[in-house]
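Asker: run_23.csv is reproduced in full below (CSV, C-alpha atoms (C1' of nucleotides)).
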```
chain,number,residue,atom,x,y,z
M,294,MET,CA,-11.8,-15.6,-39.3
M,295,SER,CA,-14.8,-13.7,-40.5
M,296,GLU,CA,-15.0,-9.9,-40.2
M,297,ARG,CA,-16.0,-8.7,-36.8
M,298,ALA,CA,-18.0,-5.6,-35.9
M,299,LEU,CA,-16.4,-2.8,-34.0
M,300,PRO,CA,-17.9,-2.4,-30.5
M,301,TYR,CA,-18.8,1.3,-31.0
M,302,ARG,CA,-20.5,0.7,-34.3
M,303,PRO,CA,-24.1,-0.7,-34.5
M,304,HIS,CA,-24.1,-4.4,-35.1
M,305,ASN,CA,-26.2,-7.4,-34.4
M,306,HIS,CA,-24.9,-8.0,-30.9
M,307,GLN,CA,-26.6,-11.2,-30.3
M,308,ALA,CA,-25.1,-12.7,-33.4
M,309,CYS,CA,-21.8,-11.5,-32.3
M,310,VAL,CA,-22.1,-13.1,-28.9
M,311,SER,CA,-23.3,-16.4,-30.5
M,312,GLN,CA,-20.4,-16.5,-32.8
M,313,ALA,CA,-18.0,-15.9,-29.9
M,314,LEU,CA,-19.6,-18.7,-27.9
M,315,SER,CA,-19.6,-21.1,-30.8
M,316,GLU,CA,-15.9,-20.4,-31.5
M,317,ALA,CA,-15.2,-20.9,-27.8
M,318,ARG,CA,-16.9,-24.3,-27.8
M,319,SER,CA,-14.9,-25.3,-30.8
M,320,ILE,CA,-11.6,-24.2,-29.3
M,321,CYS,CA,-12.4,-26.1,-26.1
M,322,ARG,CA,-13.4,-29.2,-27.9
M,323,ASP,CA,-10.1,-29.2,-29.9
M,324,GLN,CA,-8.1,-29.0,-26.7
M,325,ASN,CA,-10.2,-31.3,-24.6
M,326,ALA,CA,-11.0,-28.5,-22.2
M,327,ARG,CA,-14.4,-28.5,-20.5
M,328,LEU,CA,-16.4,-25.5,-21.1
M,329,THR,CA,-18.8,-26.2,-18.3
M,330,PRO,CA,-22.1,-24.4,-17.8
M,331,ILE,CA,-20.7,-21.8,-15.4
M,332,ARG,CA,-17.7,-21.1,-17.5
M,333,GLU,CA,-19.8,-20.7,-20.6
M,334,ARG,CA,-22.3,-18.5,-18.8
M,335,VAL,CA,-19.5,-16.3,-17.5
M,336,LEU,CA,-18.1,-16.0,-21.0
M,337,GLU,CA,-21.5,-15.2,-22.4
M,338,LEU,CA,-22.0,-12.5,-19.8
M,339,ILE,CA,-18.7,-10.9,-20.7
M,340,TRP,CA,-19.5,-11.0,-24.4
M,341,GLN,CA,-23.0,-9.6,-23.9
M,342,SER,CA,-21.6,-6.6,-22.1
M,343,HIS,CA,-19.1,-5.9,-24.8
M,344,LYS,CA,-17.5,-3.6,-22.3
M,345,PRO,CA,-15.0,-4.8,-19.7
M,346,LEU,CA,-16.7,-6.4,-16.8
M,347,GLY,CA,-15.3,-6.7,-13.3
M,348,ALA,CA,-15.4,-10.0,-11.5
M,349,TYR,CA,-17.9,-8.7,-9.0
M,350,ASP,CA,-20.1,-7.4,-11.8
M,351,ILE,CA,-20.3,-10.9,-13.1
M,352,LEU,CA,-20.9,-12.2,-9.6
M,353,GLY,CA,-23.8,-9.8,-9.3
M,354,MET,CA,-25.3,-10.9,-12.6
M,355,LEU,CA,-25.1,-14.5,-11.7
M,356,GLY,CA,-26.7,-13.7,-8.4
M,357,ALA,CA,-29.5,-11.8,-10.2
M,358,GLU,CA,-30.3,-14.8,-12.2
M,359,GLY,CA,-30.6,-17.1,-9.2
M,360,HIS,CA,-27.1,-18.6,-9.2
M,361,ASN,CA,-25.8,-17.5,-5.9
M,362,ALA,CA,-22.1,-17.9,-6.4
M,363,ALA,CA,-19.2,-16.8,-4.3
M,364,PRO,CA,-16.1,-15.0,-5.6
M,365,PRO,CA,-13.9,-18.0,-6.1
M,366,THR,CA,-16.5,-19.5,-8.5
M,367,VAL,CA,-16.2,-16.4,-10.8
M,368,TYR,CA,-12.4,-16.1,-10.5
M,369,ARG,CA,-12.0,-19.8,-11.3
M,370,ALA,CA,-14.2,-19.5,-14.4
M,371,LEU,CA,-12.2,-16.4,-15.4
M,372,ASP,CA,-8.9,-18.2,-14.8
M,373,PHE,CA,-10.1,-21.0,-17.1
M,374,LEU,CA,-11.2,-18.5,-19.8
M,375,LEU,CA,-7.9,-16.6,-19.5
M,376,GLN,CA,-5.9,-19.8,-19.8
M,377,TYR,CA,-7.6,-20.8,-23.0
M,378,GLY,CA,-7.3,-17.3,-24.4
M,379,LEU,CA,-11.1,-16.8,-24.5
M,380,VAL,CA,-11.0,-13.6,-22.4
M,381,HIS,CA,-8.4,-11.0,-21.6
M,382,ARG,CA,-7.8,-9.2,-18.3
M,383,ILE,CA,-7.3,-5.4,-18.6
M,384,SER,CA,-5.0,-4.5,-15.7
M,385,SER,CA,-5.7,-0.8,-15.8
M,386,LEU,CA,-9.4,-1.5,-15.2
M,387,ASN,CA,-9.3,-4.7,-13.1
M,388,ALA,CA,-11.8,-6.0,-15.6
M,389,PHE,CA,-12.3,-8.7,-18.2
M,390,ILE,CA,-13.3,-8.6,-21.8
M,391,GLY,CA,-14.0,-11.2,-24.5
M,392,CYS,CA,-11.1,-12.0,-26.7
M,393,ALA,CA,-11.8,-10.9,-30.3
M,394,HIS,CA,-9.1,-13.1,-31.7
M,395,ALA,CA,-9.5,-16.3,-29.7
M,396,GLY,CA,-7.5,-19.2,-31.2
M,397,GLU,CA,-5.1,-17.0,-33.1
M,398,TYR,CA,-1.7,-16.2,-31.7
M,399,HIS,CA,-1.5,-12.6,-30.8
M,400,ARG,CA,-0.3,-10.1,-28.3
M,401,GLU,CA,-2.8,-8.2,-26.2
M,402,MET,CA,-3.4,-4.6,-27.2
M,403,PHE,CA,-6.3,-2.6,-26.2
M,404,LEU,CA,-7.9,0.8,-27.1
M,405,ILE,CA,-9.9,1.9,-24.1
M,406,CYS,CA,-12.3,4.8,-24.5
M,407,ARG,CA,-12.4,6.8,-21.3
M,408,GLN,CA,-15.7,8.3,-22.3
M,409,CYS,CA,-17.9,5.4,-23.3
M,410,GLY,CA,-15.9,2.6,-21.8
M,411,ASN,CA,-15.8,0.5,-24.9
M,412,VAL,CA,-12.7,-1.4,-25.6
M,413,LEU,CA,-11.4,-2.4,-28.9
M,414,GLU,CA,-8.8,-5.1,-29.2
M,415,LEU,CA,-6.2,-4.1,-31.6
M,416,ALA,CA,-4.6,-6.6,-34.0
M,417,ALA,CA,-1.4,-5.2,-35.3
M,418,PRO,CA,1.3,-7.9,-35.7
M,419,ALA,CA,3.8,-5.3,-37.1
M,420,LEU,CA,3.4,-3.3,-33.9
M,421,SER,CA,3.8,-6.4,-31.7
M,422,LYS,CA,7.0,-7.1,-33.6
M,423,SER,CA,8.4,-3.6,-32.9
M,424,ILE,CA,7.6,-3.9,-29.3
M,425,GLU,CA,9.3,-7.3,-29.1
M,426,SER,CA,12.3,-6.0,-30.9
M,427,SER,CA,12.6,-2.9,-28.6
M,428,ALA,CA,12.7,-5.3,-25.6
M,429,LYS,CA,15.3,-7.5,-27.3
M,430,THR,CA,17.4,-4.5,-28.0
M,431,GLU,CA,17.7,-4.1,-24.3
M,432,GLY,CA,18.7,-7.8,-23.9
M,433,PHE,CA,15.3,-8.5,-22.5
M,434,LEU,CA,13.3,-11.7,-23.3
M,435,PRO,CA,9.7,-10.6,-23.7
M,436,GLU,CA,7.1,-13.2,-22.8
M,437,ASP,CA,3.9,-11.4,-21.9
M,438,ILE,CA,3.2,-8.1,-23.5
M,439,THR,CA,0.3,-5.9,-22.5
M,440,LEU,CA,-0.5,-2.6,-24.1
M,441,GLU,CA,-3.3,-0.6,-22.9
M,442,ILE,CA,-4.1,2.7,-24.7
M,443,ALA,CA,-6.6,5.0,-23.0
M,444,GLY,CA,-8.1,7.8,-24.9
M,445,LEU,CA,-11.2,8.6,-27.0
M,446,CYS,CA,-12.8,6.3,-29.5
M,447,PRO,CA,-14.0,7.7,-32.9
M,448,ARG,CA,-17.6,8.1,-31.7
M,449,CYS,CA,-16.6,10.0,-28.6
M,450,GLN,CA,-14.3,12.6,-30.2
M,451,GLY,CA,-15.9,16.0,-30.5
M,452,ASP,CA,-19.0,14.6,-28.8
M,453,SER,CA,-19.9,14.6,-25.2
M,454,SER,CA,-22.4,11.9,-24.4
M,455,HIS,CA,-22.3,8.3,-25.2
M,456,ASP,CA,-22.8,5.5,-22.7
B,54,MET,CA,20.1,14.1,-18.5
B,55,SER,CA,23.2,12.2,-17.3
B,56,GLU,CA,23.6,8.6,-17.9
B,57,ARG,CA,21.7,6.3,-15.5
B,58,ALA,CA,22.6,2.9,-14.2
B,59,LEU,CA,20.5,-0.1,-15.1
B,60,PRO,CA,18.7,-1.6,-12.1
B,61,TYR,CA,20.1,-5.1,-12.7
B,62,ARG,CA,23.7,-3.9,-13.0
B,63,PRO,CA,25.9,-3.1,-10.0
B,64,HIS,CA,25.9,0.6,-9.3
B,65,ASN,CA,26.2,3.1,-6.5
B,66,HIS,CA,22.6,2.9,-5.5
B,67,GLN,CA,22.7,5.6,-2.8
B,68,ALA,CA,24.0,8.0,-5.4
B,69,CYS,CA,21.3,7.0,-7.8
B,70,VAL,CA,18.7,7.7,-5.1
B,71,SER,CA,20.2,11.0,-4.2
B,72,GLN,CA,20.3,12.1,-7.8
B,73,ALA,CA,16.6,11.1,-8.3
B,74,LEU,CA,15.7,13.1,-5.1
B,75,SER,CA,17.6,16.1,-6.1
B,76,GLU,CA,16.0,16.1,-9.6
B,77,ALA,CA,12.6,15.7,-7.9
B,78,ARG,CA,13.2,18.7,-5.7
B,79,SER,CA,14.2,20.8,-8.7
B,80,ILE,CA,11.2,19.7,-10.7
B,81,CYS,CA,8.9,20.6,-7.8
B,82,ARG,CA,10.6,23.9,-7.2
B,83,ASP,CA,10.1,24.8,-10.9
B,84,GLN,CA,6.5,24.1,-10.8
B,85,ASN,CA,5.7,25.5,-7.3
B,86,ALA,CA,4.8,22.1,-6.1
B,87,ARG,CA,5.4,21.3,-2.5
B,88,LEU,CA,7.5,18.2,-2.0
B,89,THR,CA,6.6,17.9,1.6
B,90,PRO,CA,8.5,15.5,4.0
B,91,ILE,CA,6.0,12.7,3.6
B,92,ARG,CA,6.0,13.0,-0.2
B,93,GLU,CA,9.8,13.1,-0.3
B,94,ARG,CA,10.1,10.2,2.1
B,95,VAL,CA,7.7,8.1,0.0
B,96,LEU,CA,9.6,8.9,-3.1
B,97,GLU,CA,12.9,8.0,-1.4
B,98,LEU,CA,11.5,4.6,-0.2
B,99,ILE,CA,10.4,3.9,-3.8
B,100,TRP,CA,13.8,4.7,-5.2
B,101,GLN,CA,15.7,2.9,-2.5
B,102,SER,CA,13.9,-0.3,-3.4
B,103,HIS,CA,14.5,0.0,-7.1
B,104,LYS,CA,11.9,-2.6,-7.5
B,105,PRO,CA,8.2,-1.8,-7.7
B,106,LEU,CA,6.7,-1.2,-4.3
B,107,GLY,CA,3.1,-1.7,-3.4
B,108,ALA,CA,1.2,1.0,-1.5
B,109,TYR,CA,1.0,-1.2,1.6
B,110,ASP,CA,4.7,-2.0,1.4
B,111,ILE,CA,5.3,1.7,1.7
B,112,LEU,CA,2.8,1.9,4.5
B,113,GLY,CA,4.6,-0.9,6.3
B,114,MET,CA,8.0,0.8,5.9
B,115,LEU,CA,6.7,4.1,7.2
B,116,GLY,CA,5.2,2.2,10.1
B,117,ALA,CA,8.5,0.5,10.8
B,118,GLU,CA,10.2,3.8,11.1
B,119,GLY,CA,7.7,5.1,13.6
B,120,HIS,CA,5.5,7.1,11.3
B,121,ASN,CA,2.2,5.4,11.8
B,122,ALA,CA,0.3,6.4,8.7
B,123,ALA,CA,-3.0,5.3,7.4
B,124,PRO,CA,-3.5,4.2,3.7
B,125,PRO,CA,-4.8,7.6,2.5
B,126,THR,CA,-1.5,9.2,3.5
B,127,VAL,CA,0.4,6.9,1.2
B,128,TYR,CA,-2.1,7.1,-1.6
B,129,ARG,CA,-2.1,10.8,-1.4
B,130,ALA,CA,1.6,11.0,-1.6
B,131,LEU,CA,1.6,8.6,-4.5
B,132,ASP,CA,-1.0,10.7,-6.3
B,133,PHE,CA,1.1,13.7,-5.9
B,134,LEU,CA,4.2,11.9,-7.2
B,135,LEU,CA,2.3,10.5,-10.1
B,136,GLN,CA,0.9,13.9,-11.0
B,137,TYR,CA,4.3,15.4,-11.3
B,138,GLY,CA,5.7,12.4,-13.1
B,139,LEU,CA,8.1,11.5,-10.4
B,140,VAL,CA,6.8,7.9,-10.1
B,141,HIS,CA,4.9,5.6,-12.3
B,142,ARG,CA,2.2,3.1,-11.5
B,143,ILE,CA,2.5,-0.4,-12.9
B,144,SER,CA,-1.0,-1.7,-13.3
B,145,SER,CA,-0.1,-5.3,-13.8
B,146,LEU,CA,1.7,-5.3,-10.4
B,147,ASN,CA,-0.4,-2.8,-8.5
B,148,ALA,CA,2.9,-1.2,-7.6
B,149,PHE,CA,4.9,1.9,-8.0
B,150,ILE,CA,8.3,2.7,-9.3
B,151,GLY,CA,10.5,5.8,-9.6
B,152,CYS,CA,10.4,7.5,-12.9
B,153,ALA,CA,13.8,7.3,-14.6
B,154,HIS,CA,13.0,10.1,-16.9
B,155,ALA,CA,11.2,12.6,-14.7
B,156,GLY,CA,10.9,16.0,-16.3
B,157,GLU,CA,11.1,14.7,-19.8
B,158,TYR,CA,8.1,14.1,-22.0
B,159,HIS,CA,7.7,10.4,-22.5
B,160,ARG,CA,5.3,7.5,-22.7
B,161,GLU,CA,5.5,4.9,-20.0
B,162,MET,CA,7.0,1.6,-21.1
B,163,PHE,CA,8.4,-1.1,-18.7
B,164,LEU,CA,10.4,-4.2,-18.9
B,165,ILE,CA,9.4,-6.3,-15.9
B,166,CYS,CA,11.5,-9.3,-15.0
B,167,ARG,CA,9.4,-12.1,-13.7
B,168,GLN,CA,12.4,-13.7,-12.1
B,169,CYS,CA,14.2,-11.0,-10.1
B,170,GLY,CA,11.4,-8.4,-10.1
B,171,ASN,CA,13.5,-5.6,-11.4
B,172,VAL,CA,11.9,-3.1,-13.7
B,173,LEU,CA,13.5,-1.1,-16.4
B,174,GLU,CA,11.8,1.9,-17.9
B,175,LEU,CA,12.2,1.8,-21.5
B,176,ALA,CA,12.7,5.1,-23.4
B,177,ALA,CA,12.0,4.5,-27.1
B,178,PRO,CA,10.4,7.5,-28.7
B,179,ALA,CA,10.2,5.7,-32.1
B,180,LEU,CA,8.2,2.9,-30.5
B,181,SER,CA,5.9,5.4,-28.8
B,182,LYS,CA,5.3,6.9,-32.2
B,183,SER,CA,4.3,3.6,-33.8
B,184,ILE,CA,2.0,2.8,-30.9
B,185,GLU,CA,0.3,6.2,-31.3
B,186,SER,CA,0.0,5.8,-35.0
B,187,SER,CA,-1.5,2.4,-34.7
B,188,ALA,CA,-4.2,3.8,-32.5
B,189,LYS,CA,-4.8,6.7,-34.8
B,190,THR,CA,-5.2,4.3,-37.7
B,191,GLU,CA,-8.2,3.0,-35.9
B,192,GLY,CA,-9.5,6.5,-35.5
B,193,PHE,CA,-8.7,6.4,-31.8
B,194,LEU,CA,-7.2,9.4,-30.0
B,195,PRO,CA,-4.5,8.1,-27.7
B,196,GLU,CA,-4.0,9.9,-24.4
B,197,ASP,CA,-2.5,7.6,-21.9
B,198,ILE,CA,-0.3,4.7,-23.2
B,199,THR,CA,0.9,2.0,-20.9
B,200,LEU,CA,3.1,-0.8,-22.1
B,201,GLU,CA,4.2,-3.4,-19.7
B,202,ILE,CA,6.4,-6.2,-20.9
B,203,ALA,CA,6.9,-9.1,-18.6
B,204,GLY,CA,9.8,-11.6,-19.3
B,205,LEU,CA,13.3,-12.2,-18.4
B,206,CYS,CA,16.0,-9.6,-17.9
B,207,PRO,CA,19.5,-10.2,-19.3
B,208,ARG,CA,20.9,-11.3,-15.9
B,209,CYS,CA,18.1,-13.8,-15.4
B,210,GLN,CA,18.3,-15.5,-18.7
B,211,GLY,CA,20.0,-18.9,-18.5
B,212,ASP,CA,20.4,-18.5,-14.8
B,213,SER,CA,18.0,-19.5,-12.1
B,214,SER,CA,18.6,-17.5,-8.9
B,215,HIS,CA,18.7,-13.8,-8.5
B,216,ASP,CA,16.9,-11.9,-5.9
E,74,DC,C1',-22.5,-51.3,-12.8
E,75,DC,C1',-19.5,-49.4,-9.3
E,76,DT,C1',-15.5,-48.0,-7.4
E,77,DG,C1',-12.0,-44.9,-7.1
E,78,DC,C1',-9.6,-40.9,-8.9
E,79,DA,C1',-9.2,-36.4,-10.7
E,80,DA,C1',-11.5,-32.3,-11.9
E,81,DA,C1',-14.8,-28.9,-10.8
E,82,DT,C1',-17.7,-26.5,-7.7
E,83,DG,C1',-19.5,-24.9,-3.1
E,84,DT,C1',-18.6,-22.4,1.2
E,85,DT,C1',-16.5,-19.7,4.6
E,86,DA,C1',-13.3,-16.8,5.9
E,87,DT,C1',-9.7,-13.6,5.0
E,88,DA,C1',-6.1,-11.0,2.5
E,89,DA,C1',-4.8,-7.3,-0.4
E,90,DT,C1',-5.7,-3.0,-2.6
E,91,DG,C1',-8.0,1.4,-2.7
E,92,DT,C1',-11.5,5.2,-1.4
E,93,DT,C1',-14.8,8.3,1.3
E,94,DT,C1',-15.5,11.4,4.8
E,95,DC,C1',-14.8,14.5,8.2
E,96,DA,C1',-11.6,16.8,11.4
E,97,DA,C1',-7.2,19.0,12.6
E,98,DA,C1',-3.0,21.2,11.5
E,99,DA,C1',0.1,23.7,8.6
E,100,DA,C1',1.3,26.8,5.0
E,101,DT,C1',0.1,30.8,2.1
E,102,DT,C1',-2.0,35.0,1.0
E,103,DG,C1',-3.8,39.4,1.7
T,114,DC,C1',-2.7,38.3,12.2
T,115,DA,C1',-7.0,36.8,10.0
T,116,DA,C1',-8.8,34.3,6.2
T,117,DT,C1',-8.1,30.9,3.0
T,118,DT,C1',-6.2,27.0,0.9
T,119,DT,C1',-3.5,23.0,1.1
T,120,DT,C1',-2.0,19.2,3.5
T,121,DT,C1',-2.3,15.6,6.9
T,122,DG,C1',-4.6,12.6,10.5
T,123,DA,C1',-7.9,9.1,11.5
T,124,DA,C1',-11.7,5.9,11.2
T,125,DA,C1',-14.6,3.5,8.6
T,126,DC,C1',-15.6,1.3,4.5
T,127,DA,C1',-15.5,-0.4,-0.5
T,128,DT,C1',-13.5,-3.2,-3.9
T,129,DT,C1',-10.7,-6.9,-5.7
T,130,DA,C1',-8.7,-11.3,-5.1
T,131,DT,C1',-7.2,-15.6,-2.7
T,132,DA,C1',-6.7,-19.5,0.9
T,133,DA,C1',-8.4,-23.6,2.7
T,134,DC,C1',-11.2,-27.2,3.0
T,135,DA,C1',-15.6,-29.8,2.1
T,136,DT,C1',-18.6,-31.6,-1.5
T,137,DT,C1',-20.1,-33.0,-5.9
T,138,DT,C1',-19.5,-34.4,-10.6
T,139,DG,C1',-17.5,-36.7,-14.6
T,140,DC,C1',-15.0,-40.4,-16.1
T,141,DA,C1',-11.7,-44.6,-16.6
T,142,DG,C1',-10.7,-49.1,-15.3
T,143,DG,C1',-12.0,-53.2,-13.0
```
What is this file in structure tokens?
Answerer:
Amino acid sequence: MSERALPYRPHNHQACVSQALSEARSICRDQNARLTPIRERVLELIWQSHKPLGAYDILGMLGAEGHNAAPPTVYRALDFLLQYGLVHRISSLNAFIGCAHAGEYHREMFLICRQCGNVLELAAPALSKSIESSAKTEGFLPEDITLEIAGLCPRCQGDSSHD
Amino acid sequence: MSERALPYRPHNHQACVSQALSEARSICRDQNARLTPIRERVLELIWQSHKPLGAYDILGMLGAEGHNAAPPTVYRALDFLLQYGLVHRISSLNAFIGCAHAGEYHREMFLICRQCGNVLELAAPALSKSIESSAKTEGFLPEDITLEIAGLCPRCQGDSSHD
DNA sequence: CCTGCAAATGTTATAATGTTTCAAAAATTG
DNA sequence: CAATTTTTGAAACATTATAACATTTGCAGG
């Protein structure tokens, strides 16, 4: 995959969203999954925000653009996107974020800035391996690993006001 | 600290609860924190279950024993217990569990069996260190680390019915 | 084409989880 | 014991998520 901008660094965000959508379309095509207009729109909204978005945030945005949806519509779209690895759910925030590594096998690991709210998805296969092996040492068979690290991102350290 | 039984192994559960309560009392005494009757009762209920308990489960149990509490009562007790490290919150379950290492500095890491629901708190300082250093490699300052590993515990592997 | 099935969406209601606010009671301090 | 702080009670409300059932859409086989 091509290099990807960090959320807390300036970058061409529209291009970043487009790329994510185009990858998503390709992933769905390959798996005969239907990326319907609603699903695609939800994915786009999530990517546009680049910060975790709650289901009801999405619901509000859809409402604002005239699509008066009910909660199940959004949750169903999110379930679909989760199922195909296009978004992740961040339990500690009850929110959703675009997957930066869609299509690649990986464990979910997030760096969540408590100041600016940005989230970086960490790709660290070696770390995943140590986590798995720690579990196995206890005789435990790990299936779903979620690591959520809250703290301060580079930009927010020693600095007190970023959105 | 003395050795502690694994939740999925037979053990004298009442003794295990008593020990946890007695440790909790001692920790609170040392810090001039008031382990009031409600707080202690909530902690006891959580330990007795030995599986993660939702706030409304606790509320129901209190109700069943005649203490007709409202949600804030439970959430306040939980906040207190969290603050003093006597319980942990498991985000992926919206539930709470007794801390097996109260009083010791540690990161929170859980092995959650999807079959029997038991949760083991993993103490693996070396793993904590690697997680921290992975975050720091990205320039991120880690504060709160939560690792939740869902899968199958030893007892539930190759076996299909445990509570 | 069109018919019938499966997948997706719409709609209403409701469940589950968590918080705000203000008042009363209990404990602690001086 | 009076003043203050902490804790608890109680009611209402906010947020997050799901259940249940009706309707529509897309698509495969006749």
Asker: Separation of atom CA of M:Lys422 and atom CA of M:Ser384, in Å?
Answerer: 21.7 Å
Asker: Would you give me, as CSV, each residue of chain E having an atom within 10 Å of an atom of chain B, along with its shortest atom pair and that distance in Å to one decimal, using only C-alpha atoms (C1' of nucleotides) and sorting by chain and residue number?
Answerer:
```
residue,atom,partner,partner_atom,distance
E:DA89,C1',B:Tyr109,CA,8.7
E:DT90,C1',B:Asn147,CA,7.9
E:DG91,C1',B:Tyr128,CA,8.3
E:DT92,C1',B:Pro125,CA,8.1
```
Asker: As JSON, numbers by chain, please: the residues near T:DC134 (cut-off 12 Å, only C-alpha atoms (C1' of nucleotides), same-chain neighbours under 3 positions excluded).
Answerer: {"E": [83, 84, 85, 86]}
Asker: Export, as a PDB file, in the coordinates of the input, the selected residues with C-alpha atoms (C1' of nucleotides).
Answerer:
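Saved result, result26.pdb, follows:
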```pdb
ATOM      1  C1'  DG E  83     -19.500 -24.900  -3.100  1.00  0.00           C
ATOM      2  C1'  DT E  84     -18.600 -22.400   1.200  1.00  0.00           C
ATOM      3  C1'  DT E  85     -16.500 -19.700   4.600  1.00  0.00           C
ATOM      4  C1'  DA E  86     -13.300 -16.800   5.900  1.00  0.00           C
TER       5       DA E  86
END
```
Asker: Of the candidates T:DC114, T:DC140, T:DT128, T:DG122, which one gets nearest to chain M if we count all atoms listed in the file?
Answerer: T:DT128
Asker: With a distance threshold of 12 Å and counting only C-alpha atoms (C1' of nucleotides), extract the residues of chain T near chain B and express them as an MDAnalysis selection string.
Answerer: chainID T and resid 119:125 129
Asker: List the spatial neighbours of M:Ile405 as a tab-separated table (two decimals) with C-alpha atoms, in the frame of the given file - criterion: any atom at most 8 Å away, all atoms listed in the file, same-chain residues fewer than 4 positions off excluded.
Answerer:
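Listed below is the output, out36.tsv:
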```tsv
chain	number	residue	atom	x	y	z
M	410	GLY	CA	-15.90	2.60	-21.80
M	411	ASN	CA	-15.80	0.50	-24.90
M	412	VAL	CA	-12.70	-1.40	-25.60
M	413	LEU	CA	-11.40	-2.40	-28.90
M	441	GLU	CA	-3.30	-0.60	-22.90
M	442	ILE	CA	-4.10	2.70	-24.70
M	443	ALA	CA	-6.60	5.00	-23.00
M	444	GLY	CA	-8.10	7.80	-24.90
M	445	LEU	CA	-11.20	8.60	-27.00
M	446	CYS	CA	-12.80	6.30	-29.50
```
Asker: Identify which of the residues E:DT101, E:DT87, E:DT82, E:DT76 lies closest to T:DA133, counting all atoms listed in the file when measuring atom-to-atom distances.
Answerer: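 For T:DA133, the nearest of the given residues is E:DT87.
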Asker: To one decimal in Å, tell me the separation between atom CA of B:Glu185 and atom CA of B:Ile198.
Answerer: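 Value for the atom CA of B:Glu185-atom CA of B:Ile198 distance: 8.3 Å.
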Asker: What is the atom CA of B:Ser145 to atom CA of M:Trp340 distance in Å?
Answerer: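 These two atoms are separated by 22.8 Å.
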Asker: Please return, as a count of residues only, all residues of chain M lying within 12 Å of chain B when all atoms listed in the file are considered.
Answerer: 59
Asker: I'd like the neighbourhood of M:Gly378 as a list in words, where a residue qualifies if any of its atoms comes within 10 Å (using only C-alpha atoms (C1' of nucleotides)), though same-chain residues fewer than 6 positions away should be ignored.
Answerer: Ala317, Ile320, Asp372, Gly391, Cys392, Ala393, His394, Ala395, Gly396, Glu397, Tyr398 and His399 of chain M
